[in-house]
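K.L.:
Sharing my_file18.cif here; it has mmCIF, C-alpha atoms and all ligand atoms.
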data_run
loop_
_atom_site.label_atom_id
_atom_site.label_comp_id
_atom_site.auth_asym_id
_atom_site.auth_seq_id
_atom_site.Cartn_x
_atom_site.Cartn_y
_atom_site.Cartn_z
CA MET A 28 18.21 -17.00 8.73
CA SER A 29 14.76 -17.66 7.45
CA ILE A 30 12.33 -19.96 9.18
CA ALA A 31 9.40 -21.91 7.77
CA LEU A 32 5.89 -20.51 7.71
CA SER A 33 3.33 -22.81 9.33
CA LEU A 34 0.31 -23.23 7.09
CA GLY A 35 -3.04 -23.87 8.68
CA PRO A 36 -6.70 -22.95 8.66
CA ARG A 37 -6.33 -20.08 11.15
CA VAL A 38 -4.76 -17.75 8.59
CA ARG A 39 -6.82 -17.08 5.48
CA LYS A 40 -5.68 -18.00 2.00
CA SER A 41 -6.01 -15.87 -1.08
CA PRO A 42 -8.05 -17.14 -4.04
CA PHE A 43 -4.71 -17.04 -5.92
CA PHE A 44 -2.87 -19.00 -3.22
CA GLU A 45 -2.65 -22.34 -5.06
CA SER A 46 -1.61 -20.54 -8.24
CA THR A 47 1.19 -18.74 -6.42
CA ARG A 48 2.45 -22.05 -5.04
CA LYS A 49 2.45 -23.58 -8.52
CA ALA A 50 4.39 -20.51 -9.69
CA GLY A 51 7.11 -21.23 -7.12
CA LEU A 52 6.18 -19.18 -4.09
CA ALA A 53 9.15 -19.29 -1.71
CA ALA A 54 8.26 -16.86 1.09
CA ALA A 55 5.18 -15.35 2.64
CA SER A 56 4.17 -13.07 5.47
CA VAL A 57 0.80 -12.46 7.13
CA TYR A 58 -1.27 -9.32 6.44
CA ASN A 59 -4.93 -8.70 7.22
CA HIS A 60 -5.08 -12.24 8.68
CA MET A 61 -4.11 -13.72 5.30
CA TYR A 62 -0.90 -15.20 3.83
CA MET A 63 0.82 -12.58 1.70
CA PRO A 64 3.38 -13.75 -0.88
CA THR A 65 6.73 -11.97 -0.37
CA GLY A 66 9.08 -13.79 -2.73
CA TYR A 67 9.64 -16.43 -5.39
CA GLY A 68 13.27 -17.11 -4.55
CA ASP A 69 14.99 -14.76 -7.02
CA PRO A 70 14.82 -11.16 -5.75
CA ALA A 71 17.05 -9.80 -8.55
CA ALA A 72 14.79 -11.23 -11.28
CA GLU A 73 11.65 -10.08 -9.50
CA TYR A 74 13.03 -6.53 -9.22
CA ASP A 75 14.14 -6.53 -12.86
CA ARG A 76 10.71 -7.68 -14.08
CA LEU A 77 9.02 -4.89 -12.16
CA VAL A 78 11.39 -2.11 -13.26
CA ASN A 79 11.95 -3.21 -16.89
CA GLY A 80 9.12 -5.58 -17.78
CA VAL A 81 5.94 -6.75 -16.13
CA ALA A 82 5.09 -8.77 -13.02
CA MET A 83 1.89 -10.20 -11.54
CA TRP A 84 1.29 -9.98 -7.82
CA ASP A 85 -1.21 -11.70 -5.56
CA VAL A 86 -2.30 -8.77 -3.39
CA ALA A 87 -5.59 -10.26 -2.19
CA VAL A 88 -4.43 -9.23 1.30
CA GLU A 89 -5.53 -5.74 0.34
CA ARG A 90 -8.99 -6.60 1.58
CA GLN A 91 -11.98 -4.43 0.84
CA VAL A 92 -14.14 -3.01 3.60
CA ALA A 93 -17.51 -2.25 1.99
CA LEU A 94 -19.73 0.56 3.33
CA LYS A 95 -23.15 -0.03 1.84
CA GLY A 96 -26.40 1.82 2.37
CA PRO A 97 -27.87 5.33 2.48
CA ASP A 98 -25.16 6.57 4.89
CA ALA A 99 -22.17 5.04 3.08
CA LEU A 100 -20.79 8.42 2.03
CA ALA A 101 -21.51 10.00 5.42
CA LEU A 102 -19.57 7.22 7.12
CA ALA A 103 -16.68 7.48 4.66
CA ARG A 104 -16.50 11.22 5.29
CA TYR A 105 -16.38 10.64 9.03
CA LEU A 106 -13.64 8.02 8.68
CA THR A 107 -11.09 10.02 6.69
CA PRO A 108 -9.55 13.50 6.95
CA ARG A 109 -9.55 13.54 3.14
CA ASN A 110 -12.16 15.88 1.69
CA LEU A 111 -14.51 13.66 -0.32
CA ASP A 112 -16.33 16.49 -2.13
CA GLY A 113 -16.60 15.54 -5.77
CA LEU A 114 -16.10 11.82 -5.18
CA THR A 115 -17.30 9.98 -8.29
CA ILE A 116 -17.95 6.39 -9.27
CA GLY A 117 -14.83 5.42 -11.20
CA GLN A 118 -12.22 7.61 -9.55
CA GLY A 119 -10.52 6.33 -6.42
CA LYS A 120 -8.74 8.44 -3.83
CA TYR A 121 -5.92 7.75 -1.41
CA ALA A 122 -7.67 8.34 1.94
CA PRO A 123 -5.70 8.14 5.21
CA ILE A 124 -7.63 7.06 8.31
CA CYS A 125 -6.71 8.36 11.78
CA ASN A 126 -7.84 7.61 15.30
CA TYR A 127 -9.09 10.30 17.69
CA GLU A 128 -5.50 11.14 18.71
CA GLY A 129 -4.65 11.89 15.07
CA ALA A 130 -2.46 8.80 14.72
CA LEU A 131 -2.54 7.04 11.38
CA ILE A 132 -4.37 3.70 11.67
CA ASN A 133 -4.60 2.82 7.97
CA ASP A 134 -3.97 4.35 4.52
CA PRO A 135 -6.52 2.83 2.15
CA VAL A 136 -7.46 3.59 -1.38
CA LEU A 137 -11.16 4.60 -1.35
CA LEU A 138 -13.39 3.62 -4.29
CA GLN A 139 -17.04 4.55 -4.76
CA VAL A 140 -18.33 1.53 -6.70
CA SER A 141 -22.05 2.43 -6.90
CA ASP A 142 -24.48 5.08 -5.65
CA ASP A 143 -24.69 3.52 -2.21
CA GLU A 144 -21.48 1.52 -1.89
CA ILE A 145 -17.91 2.57 -1.09
CA TRP A 146 -14.91 0.28 -0.70
CA LEU A 147 -11.92 0.97 1.47
CA SER A 148 -9.05 -1.02 0.00
CA ILE A 149 -7.15 -1.33 3.23
CA ALA A 150 -3.60 -1.77 4.46
CA ASP A 151 -2.88 -4.05 7.41
CA SER A 152 -5.25 -3.13 10.26
CA ASP A 153 -8.79 -4.05 11.27
CA ILE A 154 -10.78 -1.21 9.71
CA LYS A 155 -13.91 -3.36 9.42
CA LEU A 156 -14.14 -3.33 13.22
CA TRP A 157 -13.31 0.38 13.49
CA ALA A 158 -15.79 1.43 10.78
CA GLY A 159 -18.54 -0.90 12.02
CA GLY A 160 -18.12 0.41 15.56
CA ILE A 161 -18.32 4.03 14.48
CA ALA A 162 -21.33 3.38 12.24
CA GLY A 163 -23.19 1.69 15.11
CA ALA A 164 -22.29 4.30 17.71
CA ARG A 165 -23.40 7.12 15.41
CA GLY A 166 -26.64 5.37 14.45
CA MET A 167 -25.84 5.37 10.76
CA ASP A 168 -27.88 3.47 8.21
CA VAL A 169 -25.04 1.57 6.60
CA ARG A 170 -23.73 -1.99 6.57
CA VAL A 171 -19.99 -2.57 7.00
CA PHE A 172 -18.64 -5.88 5.71
CA GLU A 173 -15.87 -7.56 3.79
CA PRO A 174 -17.04 -8.47 0.28
CA ASP A 175 -15.61 -11.34 -1.78
CA VAL A 176 -13.14 -9.13 -3.64
CA SER A 177 -9.43 -9.85 -4.18
CA PRO A 178 -6.94 -7.66 -6.04
CA LEU A 179 -4.37 -9.07 -8.45
CA ALA A 180 -1.76 -6.47 -9.46
CA ILE A 181 -0.02 -6.23 -12.83
CA GLN A 182 2.91 -3.87 -12.45
CA GLY A 183 5.77 -2.60 -14.56
CA PRO A 184 6.22 -0.62 -17.80
CA LYS A 185 4.86 -3.46 -19.97
CA SER A 186 1.71 -3.83 -17.83
CA PHE A 187 -0.06 -1.36 -20.13
CA ASP A 188 0.33 -3.69 -23.12
CA VAL A 189 -0.74 -6.76 -21.15
CA VAL A 190 -3.87 -5.17 -19.72
CA ALA A 191 -4.77 -3.42 -23.00
CA ASP A 192 -4.53 -6.78 -24.80
CA MET A 193 -6.89 -8.26 -22.20
CA CYS A 194 -9.42 -5.42 -21.82
CA GLY A 195 -8.97 -2.95 -24.66
CA ASP A 196 -7.03 0.24 -25.26
CA TRP A 197 -9.34 2.26 -22.99
CA VAL A 198 -7.28 1.09 -20.01
CA ARG A 199 -4.38 3.26 -21.23
CA ASP A 200 -6.49 6.36 -20.57
CA LEU A 201 -7.41 5.57 -16.96
CA ARG A 202 -6.19 8.22 -14.55
CA TYR A 203 -4.19 7.18 -11.49
CA PHE A 204 -6.65 5.37 -9.13
CA GLY A 205 -9.30 5.50 -11.90
CA PHE A 206 -11.30 2.28 -12.32
CA ARG A 207 -14.10 0.63 -14.25
CA ASP A 208 -16.15 -2.57 -14.07
CA HIS A 209 -15.20 -5.13 -16.68
CA ASP A 210 -16.15 -8.64 -17.69
CA LEU A 211 -13.30 -10.90 -18.82
CA ASP A 212 -15.35 -13.60 -20.56
CA GLY A 213 -17.36 -14.35 -17.45
CA ILE A 214 -14.84 -13.22 -14.83
CA SER A 215 -16.18 -10.08 -13.20
CA VAL A 216 -13.45 -7.61 -12.21
CA VAL A 217 -12.90 -3.98 -11.41
CA VAL A 218 -9.95 -2.77 -13.51
CA ALA A 219 -8.03 -0.03 -11.73
CA ARG A 220 -4.99 2.01 -12.63
CA SER A 221 -3.18 1.49 -9.34
CA GLY A 222 -0.68 -0.59 -7.43
CA TRP A 223 1.98 -0.22 -4.82
CA SER A 224 4.92 0.65 -7.07
CA LYS A 225 6.02 3.65 -9.09
CA GLN A 226 6.63 1.57 -12.20
CA GLY A 227 3.05 1.97 -13.47
CA GLY A 228 0.37 -0.66 -13.53
CA PHE A 229 -3.08 -1.96 -12.86
CA GLU A 230 -5.06 -4.03 -10.44
CA PHE A 231 -7.86 -6.46 -11.25
CA TYR A 232 -10.20 -6.56 -8.27
CA LEU A 233 -11.63 -10.07 -8.69
CA ARG A 234 -15.30 -10.12 -7.58
CA ASP A 235 -15.62 -13.89 -7.17
CA GLY A 236 -12.95 -15.80 -5.26
CA SER A 237 -13.87 -19.11 -6.89
CA LYS A 238 -12.35 -17.75 -10.12
CA GLY A 239 -8.91 -17.01 -8.70
CA GLU A 240 -7.04 -19.67 -10.58
CA GLU A 241 -8.85 -18.84 -13.82
CA LEU A 242 -7.94 -15.15 -13.57
CA TRP A 243 -4.33 -15.92 -12.60
CA ASN A 244 -3.95 -18.21 -15.63
CA ARG A 245 -5.50 -15.68 -18.01
CA VAL A 246 -3.11 -12.95 -16.88
CA ALA A 247 -0.13 -15.31 -17.12
CA GLU A 248 -1.18 -16.28 -20.65
CA ALA A 249 -1.80 -12.69 -21.81
CA GLY A 250 1.52 -11.62 -20.32
CA LYS A 251 3.59 -14.36 -21.93
CA PRO A 252 4.58 -12.33 -25.02
CA TYR A 253 5.82 -9.60 -22.65
CA GLY A 254 7.79 -11.92 -20.38
CA ILE A 255 5.44 -11.66 -17.39
CA GLY A 256 6.41 -13.55 -14.27
CA PRO A 257 5.34 -13.73 -10.65
CA GLY A 258 6.28 -11.04 -8.17
CA THR A 259 5.20 -9.43 -4.93
CA PRO A 260 4.99 -5.93 -3.54
CA ASN A 261 8.67 -5.27 -4.10
CA TYR A 262 10.83 -4.56 -1.10
CA ILE A 263 13.65 -2.78 -2.98
CA GLU A 264 11.49 -0.72 -5.33
CA ARG A 265 9.21 0.50 -2.59
CA VAL A 266 12.18 1.77 -0.57
CA GLU A 267 13.57 3.51 -3.67
CA SER A 268 10.14 5.05 -4.30
CA GLY A 269 9.45 5.89 -0.66
CA LEU A 270 6.02 4.23 -0.64
CA ILE A 271 4.61 4.00 2.88
CA SER A 272 4.06 0.56 4.38
CA TYR A 273 1.54 1.04 7.15
CA GLY A 274 2.54 -1.09 10.14
CA ALA A 275 6.15 -1.45 9.01
CA ASP A 276 7.06 2.25 8.79
CA THR A 277 4.55 3.54 11.31
CA ASP A 278 4.25 3.28 15.07
CA ASP A 279 1.39 4.00 17.47
CA MET A 280 2.08 7.75 17.39
CA SER A 281 2.67 8.23 13.66
CA ASN A 282 0.59 11.02 12.23
CA PRO A 283 -0.08 11.63 8.53
CA PHE A 284 1.80 14.94 8.44
CA GLU A 285 5.01 13.10 9.29
CA TYR A 286 4.56 11.05 6.10
CA GLY A 287 3.88 14.01 3.83
CA LEU A 288 0.19 13.11 3.62
CA GLY A 289 -0.95 16.66 4.38
CA LYS A 290 -1.98 17.02 0.75
CA PHE A 291 -4.50 14.21 1.20
CA MET A 292 -6.19 15.86 4.20
CA ASP A 293 -8.47 18.86 4.74
CA VAL A 294 -8.63 19.56 8.45
CA GLU A 295 -10.61 22.78 7.79
CA GLN A 296 -13.50 21.14 5.91
CA PRO A 297 -16.89 21.89 7.49
CA GLY A 298 -17.81 18.29 8.26
CA ASP A 299 -16.56 16.43 11.32
CA PHE A 300 -14.28 13.40 11.10
CA ALA A 301 -12.44 11.17 13.55
CA GLY A 302 -9.28 12.90 14.72
CA LYS A 303 -10.18 16.39 13.46
CA GLU A 304 -9.33 18.35 16.60
CA ALA A 305 -6.16 16.35 17.23
CA LEU A 306 -4.97 16.80 13.65
CA LYS A 307 -5.55 20.57 13.80
CA ALA A 308 -3.40 20.72 16.91
CA ILE A 309 -0.70 18.56 15.32
CA ARG A 310 -0.67 20.77 12.24
CA ASP A 311 -0.35 23.93 14.35
CA ALA A 312 2.43 22.46 16.49
CA ARG A 313 4.42 21.27 13.43
CA VAL A 314 5.90 17.81 13.20
CA THR A 315 8.91 16.70 15.27
CA ARG A 316 10.01 13.96 12.86
CA ARG A 317 9.63 13.15 9.19
CA PHE A 318 9.62 10.12 6.90
CA MET A 319 12.84 10.41 4.90
CA GLY A 320 15.31 8.49 2.78
CA LEU A 321 18.79 7.40 3.83
CA LEU A 322 21.88 6.72 1.74
CA ILE A 323 23.86 4.33 3.89
CA ASP A 324 27.60 3.54 3.66
CA GLY A 325 29.04 0.05 3.60
CA GLU A 326 28.92 -3.24 1.75
CA PRO A 327 25.68 -3.97 -0.16
CA PHE A 328 22.92 -5.24 2.14
CA ALA A 329 21.37 -8.63 1.60
CA GLY A 330 18.02 -9.44 3.14
CA THR A 331 15.43 -7.35 4.89
CA ASN A 332 15.11 -5.58 8.25
CA GLU A 333 13.92 -7.98 10.92
CA SER A 334 13.27 -5.01 13.21
CA PRO A 335 13.56 -1.26 12.84
CA TRP A 336 17.17 -0.07 13.10
CA ARG A 337 17.77 2.65 15.67
CA LEU A 338 19.28 5.92 14.44
CA SER A 339 21.47 8.23 16.50
CA ASP A 340 23.25 11.55 16.01
CA ALA A 341 26.98 12.15 16.55
CA ASP A 342 26.40 12.56 20.30
CA GLY A 343 24.61 9.22 20.54
CA ASN A 344 21.12 10.70 20.97
CA ASP A 345 18.26 8.63 19.62
CA VAL A 346 16.91 10.39 16.50
CA GLY A 347 14.58 7.85 14.96
CA TYR A 348 14.45 4.49 13.20
CA ALA A 349 14.95 2.94 9.75
CA SER A 350 12.12 0.54 9.01
CA ALA A 351 13.20 -0.94 5.67
CA SER A 352 16.57 -0.99 3.93
CA ALA A 353 18.03 -2.53 0.80
CA TYR A 354 20.83 -2.26 -1.70
CA SER A 355 19.41 -0.19 -4.56
CA PRO A 356 20.67 -1.19 -8.01
CA ARG A 357 19.44 2.13 -9.41
CA ALA A 358 20.90 4.38 -6.67
CA GLN A 359 23.96 2.09 -6.49
CA SER A 360 23.94 2.49 -2.75
CA ASN A 361 22.44 1.02 0.35
CA ILE A 362 19.24 2.90 1.05
CA ALA A 363 16.45 2.99 3.62
CA VAL A 364 13.21 4.65 4.52
CA ALA A 365 13.36 6.11 8.00
CA MET A 366 11.57 8.23 10.53
CA VAL A 367 14.05 10.99 11.42
CA GLY A 368 13.84 13.77 14.02
CA VAL A 369 13.63 17.22 12.42
CA GLU A 370 16.61 18.51 14.42
CA ALA A 371 18.81 15.78 12.98
CA ILE A 372 17.48 16.52 9.49
CA ASP A 373 18.09 20.26 9.86
CA ALA A 374 21.60 19.77 11.28
CA GLY A 375 22.54 18.15 7.97
CA LYS A 376 25.28 15.98 9.41
CA GLY A 377 23.69 12.63 8.67
CA VAL A 378 22.90 9.91 11.18
CA THR A 379 24.42 6.71 12.52
CA VAL A 380 22.42 3.64 11.59
CA HIS A 381 22.60 0.81 14.12
CA ALA A 382 22.26 -1.90 11.47
CA GLY A 383 22.24 -5.62 12.08
CA SER A 384 25.84 -5.81 10.84
CA GLY A 385 27.12 -2.86 12.91
CA ASP A 386 27.08 0.93 12.95
CA LEU A 387 27.05 2.71 9.60
CA HIS A 388 26.96 6.38 8.60
CA ALA A 389 24.09 7.62 6.46
CA LYS A 390 23.12 10.78 4.66
CA VAL A 391 19.47 11.90 5.05
CA VAL A 392 17.76 12.60 1.70
CA PRO A 393 14.24 13.44 0.50
CA LEU A 394 11.84 10.79 -0.84
CA PRO A 395 11.62 9.33 -3.38
CA ILE A 396 15.26 8.23 -3.35
CA VAL A 397 15.15 7.15 -7.01
N1 LIG B 401 -3.65 -1.35 -3.84
C1 LIG B 401 -4.86 -1.51 -3.32
N2 LIG B 401 -5.12 -1.31 -2.02
C2 LIG B 401 -4.11 -0.94 -1.21
C3 LIG B 401 -2.82 -0.73 -1.71
C4 LIG B 401 -2.60 -0.95 -3.06
N3 LIG B 401 -4.36 -0.73 0.11
C5 LIG B 401 -3.28 -0.56 1.03
C6 LIG B 401 -2.14 0.18 0.43
N4 LIG B 401 -1.80 -0.35 -0.86
C7 LIG B 401 -2.54 1.60 0.27
N5 LIG B 401 -1.42 2.46 0.27
C8 LIG B 401 -0.91 3.04 -0.86
C9 LIG B 401 0.08 3.95 -0.68
C10 LIG B 401 0.61 4.61 -1.76
C11 LIG B 401 0.15 4.34 -3.02
C12 LIG B 401 -0.81 3.40 -3.22
C13 LIG B 401 -1.37 2.76 -2.12
C14 LIG B 401 0.68 5.06 -4.19
N6 LIG B 401 0.97 6.33 -4.04
C15 LIG B 401 1.52 7.14 -5.10
C16 LIG B 401 2.71 7.89 -4.59
O1 LIG B 401 2.94 7.92 -3.39
O2 LIG B 401 3.42 8.42 -5.42
C17 LIG B 401 0.52 8.12 -5.67
C18 LIG B 401 -0.45 8.71 -4.73
C19 LIG B 401 -1.28 9.80 -5.40
O3 LIG B 401 -0.70 10.60 -6.15
O4 LIG B 401 -2.51 9.87 -5.16
O5 LIG B 401 0.83 4.52 -5.25
O6 LIG B 401 -1.46 -0.82 -3.58
N7 LIG B 401 -5.85 -1.91 -4.10
#
Please, can you express the file's structure as structure tokens?

P.N.:
Amino acid sequence: MSIALSLGPRVRKSPFFESTRKAGLAAASVYNHMYMPTGYGDPAAEYDRLVNGVAMWDVAVERQVALKGPDALALARYLTPRNLDGLTIGQGKYAPICNYEGALINDPVLLQVSDDEIWLSIADSDIKLWAGGIAGARGMDVRVFEPDVSPLAIQGPKSFDVVADMCGDWVRDLRYFGFRDHDLDGISVVVARSGWSKQGGFEFYLRDGSKGEELWNRVAEAGKPYGIGPGTPNYIERVESGLISYGADTDDMSNPFEYGLGKFMDVEQPGDFAGKEALKAIRDARVTRRFMGLLIDGEPFAGTNESPWRLSDADGNDVGYASASAYSPRAQSNIAVAMVGVEAIDAGKGVTVHAGSGDLHAKVVPLPIV
């Protein structure tokens, strides 16, 4: 059963908030101390728009943490295990952030926006405090702050036509996480080829929150011929695609190797970074669990996980948890993303999912599921 969300001044509102309400916002969560739209009341239509058409999402909750000053790059290098050699203005990078124990504490997209300014487009944790603390303790000449920047995502196969109509055909040639400054008749945005789906798309990083409604309306208008409609980071599609949701899929001990993020890290690079020694040790010891997909038996699920579902093996031993599950129209099965112990994976006998509705058998499969 759903409950009402209390609106008040304590939780921040996106510059697109009023527009999302006019568009029929039906459900929201809280992320980075801000209301995050999670549904418009018709999950099947929202999924269909994303997979077959085009959808617009208020993702202002993906706040930017700006590092600005002579030591911006030095701080960024210290914050992430990703090797930032060759970082250029205009090409973003997925850059995990770990604490000194090697646990994942955020998985931002990193964008160098000018010679002395880098943005971390963060998931749901307080990286402004972490980065500001490290900069101060290390005596770095850099300011850490949250700029007035709010992403609006346009996702789905027809997003290319919508954004090309708005900005020009050059947007079709952007590489994944590539971006460029653009002026939409007085609305200053960063146009990026990005977004938290595997259906293709863009994000407009709005640089002036007072223009939220104007930008929302322009996108809605430009998308009309393509059937655009409102959507949100899509629960079903992200499980099918195996995209990581920091905070939902992770726990206090999650390390990036467990999520297959080894390719975004260079623990042997010459420079130091937070968590370097711990991550070397974790790499050498090998992981004990992995982020995997599940194909789960039973009647199609409705709704979302209120809590992680415990997983056990045939002997009843705890072997992990499933953090998000859904009925997948494309896999034609119940599916989930789950953290699963490597012994249970290697045994190949599947797992028992202790779902809200009862115990169900599941097969463990690689990600993405679809
Ligand atoms: N957009 C913006 N900021 C963000 C997110 C976003 N910050 C938080 C969160 N989302 C960052 N996390 C991810 C995780 C995965 C992807 C994007 C953002 C993603 N990954 C692709 C994949 O896994 O296939 C490709 C990764 C690659 O090849 O580099 O799309 O959505 N502004």

K.L.:
Given a cut-off of 6 Å, what residues near ligand LIG 401 (chain B) show up using only C-alpha atoms and all ligand atoms, put as a list in words?

P.N.:
Glu89, Tyr121, Asp134, Pro135, Val136, Ser148, Ile149, Ala150, Gly222, Trp223, Ser224, Leu270 and Ile271 of chain A

K.L.:
Store the residues of this selection in a file with C-alpha atoms, as a PDB file, keeping the file's coordinate frame.

P.N.:
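So selection-v5.pdb came out as:
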ATOM      1  CA  GLU A  89      -5.530  -5.740   0.340  1.00  0.00           C
ATOM      2  CA  TYR A 121      -5.920   7.750  -1.410  1.00  0.00           C
ATOM      3  CA  ASP A 134      -3.970   4.350   4.520  1.00  0.00           C
ATOM      4  CA  PRO A 135      -6.520   2.830   2.150  1.00  0.00           C
ATOM      5  CA  VAL A 136      -7.460   3.590  -1.380  1.00  0.00           C
ATOM      6  CA  SER A 148      -9.050  -1.020   0.000  1.00  0.00           C
ATOM      7  CA  ILE A 149      -7.150  -1.330   3.230  1.00  0.00           C
ATOM      8  CA  ALA A 150      -3.600  -1.770   4.460  1.00  0.00           C
ATOM      9  CA  GLY A 222      -0.680  -0.590  -7.430  1.00  0.00           C
ATOM     10  CA  TRP A 223       1.980  -0.220  -4.820  1.00  0.00           C
ATOM     11  CA  SER A 224       4.920   0.650  -7.070  1.00  0.00           C
ATOM     12  CA  LEU A 270       6.020   4.230  -0.640  1.00  0.00           C
ATOM     13  CA  ILE A 271       4.610   4.000   2.880  1.00  0.00           C
TER      14      ILE A 271
END

K.L.:
Pick out the closest residue to Ile323 (chain A) from this set: A:Val380, A:Ile372, A:Ala54, A:Leu338. Count only C-alpha atoms.

P.N.:
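Checking each candidate against Ile323 (chain A), we get A:Val380 as the closest.
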
K.L.:
Using only C-alpha atoms, determine which residues lie at most 10 Å from region 162-179 of chain A, disregarding the query and same-chain residues fewer than 3 positions distant; provide the list as a VMD selection string.

P.N.:
chain A and resid 41 to 43 83 to 103 105 to 106 143 to 148 154 to 159 182 216 to 219 222 229 to 237 239 242 to 243 246

K.L.:
Could you write out that same residue set with C-alpha atoms as a compact mmCIF listing (two decimals), keeping the file's coordinate frame?

P.N.:
# COMPACT_ATOMS: atom_id res chain seq x y z
CA SER A 41 -6.01 -15.87 -1.08
CA PRO A 42 -8.05 -17.14 -4.04
CA PHE A 43 -4.71 -17.04 -5.92
CA MET A 83 1.89 -10.20 -11.54
CA TRP A 84 1.29 -9.98 -7.82
CA ASP A 85 -1.21 -11.70 -5.56
CA VAL A 86 -2.30 -8.77 -3.39
CA ALA A 87 -5.59 -10.26 -2.19
CA VAL A 88 -4.43 -9.23 1.30
CA GLU A 89 -5.53 -5.74 0.34
CA ARG A 90 -8.99 -6.60 1.58
CA GLN A 91 -11.98 -4.43 0.84
CA VAL A 92 -14.14 -3.01 3.60
CA ALA A 93 -17.51 -2.25 1.99
CA LEU A 94 -19.73 0.56 3.33
CA LYS A 95 -23.15 -0.03 1.84
CA GLY A 96 -26.40 1.82 2.37
CA PRO A 97 -27.87 5.33 2.48
CA ASP A 98 -25.16 6.57 4.89
CA ALA A 99 -22.17 5.04 3.08
CA LEU A 100 -20.79 8.42 2.03
CA ALA A 101 -21.51 10.00 5.42
CA LEU A 102 -19.57 7.22 7.12
CA ALA A 103 -16.68 7.48 4.66
CA TYR A 105 -16.38 10.64 9.03
CA LEU A 106 -13.64 8.02 8.68
CA ASP A 143 -24.69 3.52 -2.21
CA GLU A 144 -21.48 1.52 -1.89
CA ILE A 145 -17.91 2.57 -1.09
CA TRP A 146 -14.91 0.28 -0.70
CA LEU A 147 -11.92 0.97 1.47
CA SER A 148 -9.05 -1.02 0.00
CA ILE A 154 -10.78 -1.21 9.71
CA LYS A 155 -13.91 -3.36 9.42
CA LEU A 156 -14.14 -3.33 13.22
CA TRP A 157 -13.31 0.38 13.49
CA ALA A 158 -15.79 1.43 10.78
CA GLY A 159 -18.54 -0.90 12.02
CA GLN A 182 2.91 -3.87 -12.45
CA VAL A 216 -13.45 -7.61 -12.21
CA VAL A 217 -12.90 -3.98 -11.41
CA VAL A 218 -9.95 -2.77 -13.51
CA ALA A 219 -8.03 -0.03 -11.73
CA GLY A 222 -0.68 -0.59 -7.43
CA PHE A 229 -3.08 -1.96 -12.86
CA GLU A 230 -5.06 -4.03 -10.44
CA PHE A 231 -7.86 -6.46 -11.25
CA TYR A 232 -10.20 -6.56 -8.27
CA LEU A 233 -11.63 -10.07 -8.69
CA ARG A 234 -15.30 -10.12 -7.58
CA ASP A 235 -15.62 -13.89 -7.17
CA GLY A 236 -12.95 -15.80 -5.26
CA SER A 237 -13.87 -19.11 -6.89
CA GLY A 239 -8.91 -17.01 -8.70
CA LEU A 242 -7.94 -15.15 -13.57
CA TRP A 243 -4.33 -15.92 -12.60
CA VAL A 246 -3.11 -12.95 -16.88

K.L.:
Give the answer as one residue: which of A:Arg357, A:Arg310, A:Arg316, A:Arg207 has the shortest atom-to-atom distance to Glu267 (chain A), using all atoms listed in the file?

P.N.:
A:Arg357

K.L.:
I'd like to know which of A:Asp342, A:Arg317, A:Gly227, A:Cys194 is closest to Ser215 (chain A), using all atoms listed in the file.

P.N.:
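Ranking A:Asp342, A:Arg317, A:Gly227, A:Cys194 by distance to Ser215 (chain A), first place goes to A:Cys194.
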
K.L.:
Any idea what's packed within 10 Å of Ile132 (chain A), counting all atoms listed in the file, ignoring anything in its chain fewer than 4 positions away? Could you give it as a list in words?

P.N.:
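Neighbouring residues, sequence-local ones excluded: Pro123, Ile124, Cys125, Asn126, Ala150, Asp151, Ser152, Asp153, Ile154, Trp157, Tyr273, Gly274, Thr277, Asp278, Asp279, Met280, Ser281, Asn282 and Pro283 of chain A.
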
K.L.:
Interatomic distance between CA of Asn110 (chain A) and CA of Leu137 (chain A)?

P.N.:
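We find that CA of Asn110 (chain A) and CA of Leu137 (chain A) lie 11.7 Å from each other.
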
K.L.:
As lines of an AutoDock Vina configuration file, please: the centre and edge lengths in Å, to one decimal, of an axis-aligned box enclosing every listed atom of region 83-95 of chain A with 6 Å added on each side.

P.N.:
center_x = -10.6
center_y = -5.6
center_z = -4.0
size_x = 37.0
size_y = 24.3
size_z = 27.1

K.L.:
Counting all atoms listed in the file, which residues of region 321-391 of chain A fall within 12 Å of region 62-82 of chain A, and what is the closest atom pair for each with its distance in Å at one decimal, ordered by chain and rising number, as CSV?

P.N.:
residue,atom,partner,partner_atom,distance
A:Ala329,CA,A:Pro70,CA,10.2
A:Gly330,CA,A:Pro70,CA,9.6
A:Thr331,CA,A:Thr65,CA,11.2
A:Ala353,CA,A:Pro70,CA,11.3
A:Tyr354,CA,A:Ala71,CA,10.9
A:Ser355,CA,A:Tyr74,CA,10.1
A:Pro356,CA,A:Ala71,CA,9.4
A:Arg357,CA,A:Val78,CA,9.9

K.L.:
For the atom pair CA of Phe204 (chain A) and CA of Gly269 (chain A), what is the interatomic distance in Å to one decimal place?

P.N.:
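Between these atoms lies a distance of 18.2 Å.
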
K.L.:
How many Å lie between CA of Leu321 (chain A) and CA of Ile362 (chain A), rounded to one decimal?

P.N.:
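These two atoms are separated by 5.3 Å.
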
K.L.:
For Asp276 (chain A), which of A:Ala365, A:Asn59, A:Ile263, A:His381 is the closest residue, counting all atoms listed in the file?

P.N.:
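For Asp276 (chain A), the nearest of the candidates is A:Ala365.
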
K.L.:
Would you mind telling me which residue in A:Ala351, A:Met319, A:Val190, A:Leu201 lies nearest to Asn261 (chain A) when using only C-alpha atoms?

P.N.:
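Closest residue, counting only C-alpha atoms: A:Ala351.
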
K.L.:
Which residues are near Glu326 (chain A)? Cut-off 8 Å, all atoms listed in the file, ignore same chain within fewer than 2 positions. Put them as a PyMOL selection string.

P.N.:
chain A and resi 324+328+361
